[in-house]
Structure formats: C-alpha cells, structure tokens
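> Handing you this structure, nothing more for now.
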Amino acid sequence: MNPDVMKSMTGFGHSKSTKFPLDVTVKGVNGRFLDIRFRLPRECSHLEMELKKIVAATFRRGSIDVTVGRKRISTKPDIQLNLEFAKELAKTFRKLAKSLKIKESVTLQQITGWPHVLEFDDELGETEIAELFDTARQAALLCDEERKREGAALQKELNSYIGNLLAILEKIEGFASEANERLGERVRDRIAKLKLSEQDEQRISTEIVFYADRSDISEEISRLKEHLRSFKKILGRSDAEGKKLDFYTQELLREMNTIGSKSYLAEVTELVVDGKTTIEKIREQVQNIE
C-alpha cells in the first residue's frame, strides 16, 4: 500500500489469534471526532482502557466499533457457588413474599440469576492478555489498510470532480466579458426608456461602471481558483484532513453562490447550477475523509 495516500473513515479489520481462542474485529465509519466503542466479554471488561489506547494509536477520526470474541479454554470451567449468600437470598425473598401477601414460591432460576451466587473462574492470564492486545493492534492495522484503499479511491474521484469544476469555471470566465458587453446594452436601453440624451456620455459611463461593478465576478472567479489550488494541495498529502477539505468546500460553494447572485446571463446561471451540483458531490465525499 502506498503510504502517500489519504484515508477514508470507512474500513474493516479482523484478526484471529493462533495461540488462544481470541479474535478481534475493528469497524470504522464516518464521525466528526474519534469515538471508540467496545463489545467485550465480561472477563475482558477491565481491559477496555488499555484496548482503547491501542486502537486510538491507529486512528485520528471516525466512529470505531471494536468487538472481542473469546471462547472458554476449558470445557469444564471452575464454577464457585456462594451457598450461604444463596440461602440468605431465598430467605429474604420468602420473607418479602409473606409480608406482601404474595403466594409465589422462590425458584432456582431467581436465585442463580442474582449476581455473585455463581461465579466462574475464567479470567485471562498475562500471556493471553498480551495476545489479546497484539490481536487488537493487528485488527486495527488491517482496518487502517482498508481505509487507505478507500482513501485512494476517494482521492481519484475528488480529483475528477475538481477537473469538472475547473472546466465549468473556465466557461463562466469566458462569459464574463460578454456579460459586460450585454450590460452596456441594457444600460443604454434603460437610458433610452428614460428619454435621457444619448449624448450624455458621462451619465452613460457612470451607469455602466456602477452596474458593471455590481455584477463583476472576476474576484469570485479568482478566489474560486485559489480555493481549488489549496484543496488540491491538501488532497495530495498523505495527512489530508477531512475537516480542512470540508472548510474549503464551503468556501467554494459560497463563491459559486455569489457568482449566481451577480450574474444575469442564463448561460452563467446554468453553469452555476452545474458547479453547485459538482461542489455538493465533492462535499459528500469529503465527509468520508479522516
């Protein structure tokens, strides 16, 4: 896998121990921050904090689900019965039933279902704990490799969208000079309807400059190009951050909206709609980047 690629937040990794009946699954999906959740067997619950450190070392962002599977090593587990505690529970239950005048007998299922009546000696030894940590680390790395593969595909797709957006921008830029010419015609028509003297060149020039300034989109086009250059620069880095790309996507959409509000040419309006559609596609994919 090429290390110089960005990462998606979507990935899956599964690792199985060859020494113990242990396996770990790590699944990643989109998330604004790093959120690691665990599904652990009871006997592994005290290891959650250490497992979290191991998994967090691989990921920067995303919702990560970690599932640990473990089978009992012995077919005859050591079961401890707290007989005195069970007797006291049964006695208390009967006393309560009598006080409440409830005619209901105490069952074995009620007693054994109470915590600490039956205890299983099935704790992990130091060697198995070390193996669990190694298995979790390997599962996280496998998930990360898949996130890199997904990231490479995203990078290719986003570069394609940027190419489309640049082509749209060039077309819009081509209409900019034509827009000014049409604007001059509209101002002259407006002056004619107001029955002002056509010889009043100063008034005509003032009107044209005023409206041309209000409808000029050269600054927006320039900023769009600059944002796209910054976007591509970040996109080309192995440590590309989805949050930064999302920021530039918002800026792209803001400038495109401004062009749409300034322009009165139907051709430009149509191109703006195409541009906004492309930017929305970019933004949708950016949400998947770590």
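Identifiers in this document derive from the order of the structure tokens: chains are assigned A, B, ..., residues are numbered from 1 separately in each chain, and ligands are numbered from 1 in order of occurrence.
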At a cut-off of 7 Å, using only C-alpha atoms, what residues contact stretch 57-67 of chain A? Leave out same-chain residues fewer than 5 positions from it and give the result as number ranges by chain.

A: 9, 24-40, 140-141, 290

> Output the selection as a short mmCIF file (atom, residue, chain, number, x, y, z; two decimals), in the first residue's frame - N, CA and C atoms for each residue.


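This is the output file part-v6.cif:
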data_model
loop_
_atom_site.label_atom_id
_atom_site.label_comp_id
_atom_site.auth_asym_id
_atom_site.auth_seq_id
_atom_site.Cartn_x
_atom_site.Cartn_y
_atom_site.Cartn_z
N MET A 9 -12.69 7.17 6.31
CA MET A 9 -13.04 6.77 7.68
C MET A 9 -13.77 5.44 7.69
N VAL A 24 -10.54 -10.42 17.19
CA VAL A 24 -10.92 -9.01 17.35
C VAL A 24 -11.35 -8.45 16.01
N THR A 25 -12.47 -7.74 16.01
CA THR A 25 -12.98 -7.08 14.81
C THR A 25 -13.01 -5.57 15.06
N VAL A 26 -12.47 -4.81 14.11
CA VAL A 26 -12.47 -3.35 14.19
C VAL A 26 -13.18 -2.81 12.95
N LYS A 27 -14.23 -2.04 13.16
CA LYS A 27 -15.01 -1.48 12.06
C LYS A 27 -15.09 0.03 12.21
N GLY A 28 -14.78 0.76 11.15
CA GLY A 28 -14.81 2.21 11.18
C GLY A 28 -15.81 2.80 10.22
N VAL A 29 -16.52 3.84 10.66
CA VAL A 29 -17.45 4.58 9.81
C VAL A 29 -17.24 6.08 10.08
N ASN A 30 -17.98 6.91 9.36
CA ASN A 30 -17.82 8.36 9.48
C ASN A 30 -18.13 8.86 10.89
N GLY A 31 -17.41 9.87 11.31
CA GLY A 31 -17.66 10.51 12.60
C GLY A 31 -16.89 11.81 12.68
N ARG A 32 -17.45 12.80 13.33
CA ARG A 32 -16.79 14.10 13.43
C ARG A 32 -15.53 14.04 14.27
N PHE A 33 -15.55 13.17 15.29
CA PHE A 33 -14.40 13.04 16.18
C PHE A 33 -14.05 11.56 16.30
N LEU A 34 -13.03 11.26 17.08
CA LEU A 34 -12.67 9.87 17.31
C LEU A 34 -13.52 9.32 18.45
N ASP A 35 -14.37 8.36 18.13
CA ASP A 35 -15.27 7.75 19.11
C ASP A 35 -15.11 6.24 19.03
N ILE A 36 -14.52 5.64 20.07
CA ILE A 36 -14.24 4.20 20.07
C ILE A 36 -15.20 3.51 21.03
N ARG A 37 -15.94 2.54 20.51
CA ARG A 37 -16.91 1.79 21.33
C ARG A 37 -16.51 0.31 21.34
N PHE A 38 -16.79 -0.35 22.47
CA PHE A 38 -16.36 -1.73 22.65
C PHE A 38 -17.52 -2.67 22.94
N ARG A 39 -17.36 -3.89 22.46
CA ARG A 39 -18.21 -5.02 22.86
C ARG A 39 -17.26 -6.10 23.34
N LEU A 40 -17.21 -6.27 24.66
CA LEU A 40 -16.22 -7.15 25.27
C LEU A 40 -16.89 -8.26 26.09
N ALA A 140 -6.72 -3.44 14.12
CA ALA A 140 -6.77 -2.00 13.85
C ALA A 140 -5.94 -1.65 12.62
N LEU A 141 -4.77 -2.28 12.47
CA LEU A 141 -3.92 -2.02 11.31
C LEU A 141 -4.57 -2.50 10.02
N GLU A 290 -10.80 11.04 6.66
CA GLU A 290 -10.42 11.09 8.08
C GLU A 290 -9.98 12.49 8.49
#

> I want to know what sits within 9 Å of A:Thr249, based on only C-alpha atoms, with residues of the same chain fewer than 5 positions away left out; could you give that as number ranges by chain?

A: 227-228, 231, 244, 254, 279-280, 282-283, 286

> So that I can see what lies close to A:Leu47, please list as a ChimeraX atom specification the residues with an atom at most 12 Å from it, counting only C-alpha atoms and leaving out residues fewer than 2 positions away in the same chain.

/A:38-45,49-54,68,123-124,126,128-130,132-133,136

> A:Tyr264, A:Tyr248, A:Glu270, A:Ile168: which is nearest A:Ile221, counting only C-alpha atoms?

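Closest to A:Ile221 of all the choices is A:Ile168.
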
> Please provide the set of residues having any atom within 12 Å of A:Thr112, restricted to only C-alpha atoms, with same-chain residues fewer than 5 positions apart removed, written as a list in words.

Gln80, Leu81, Asn82, Leu83, Phe85, Ala86, Lys87, Leu89, Ala90, Val106, Thr107, Val117, Leu118 and Glu119 of chain A

> Have a look at A:Gln285, A:Thr18, A:Ser263, A:Gln138 and name the one nearest to A:Glu178; count only C-alpha atoms.

A:Ser263

> As an exercise, work out the distance from atom CA of A:Ile217 to atom CA of A:Lys243 in Å and give it to one decimal place.

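Interatomic distance, atom CA of A:Ile217 to atom CA of A:Lys243: 27.7 Å.
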
> Could you check which of A:Lys232, A:Lys171, A:Lys91, A:Arg149 is closest to A:Ser105, using only C-alpha atoms?

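Residue with the minimum atom-to-atom distance to A:Ser105: A:Lys91.
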
> So what do you get for atom CA of A:Arg94 versus atom CA of A:Leu108, distance-wise?

12.8 Å

> Residues near A:Ile172, anyone? I mean within 9 Å using only C-alpha atoms, not counting same-chain ones fewer than 2 positions away, as a ChimeraX atom specification.

/A:167-170,174-176,221,267-268,271-272

> So what do you get for atom CA of A:Val55 versus atom CA of A:Ile289, distance-wise?

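These two atoms are separated by 18.3 Å.
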
> Just the residues within 9 Å of stretch 150-156 of chain A, please, counting only C-alpha atoms, with nothing from its chain fewer than 3 positions along; format it as a VMD selection string.

chain A and resid 5 to 11 145 to 147 159 to 161 235 to 236 285 to 286 288 to 290

> In terms of the shortest atom-to-atom distance over only C-alpha atoms, which of A:Lys95, A:Lys148, A:Arg229, A:Arg137 is closest to A:Leu245?

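Comparing A:Lys95, A:Lys148, A:Arg229, A:Arg137 against A:Leu245, the winner is A:Arg229.
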
> Among stretch 89-123 of chain A, which ones does DSSP place in strand (DSSP E or B), written as a count of residues only?

4
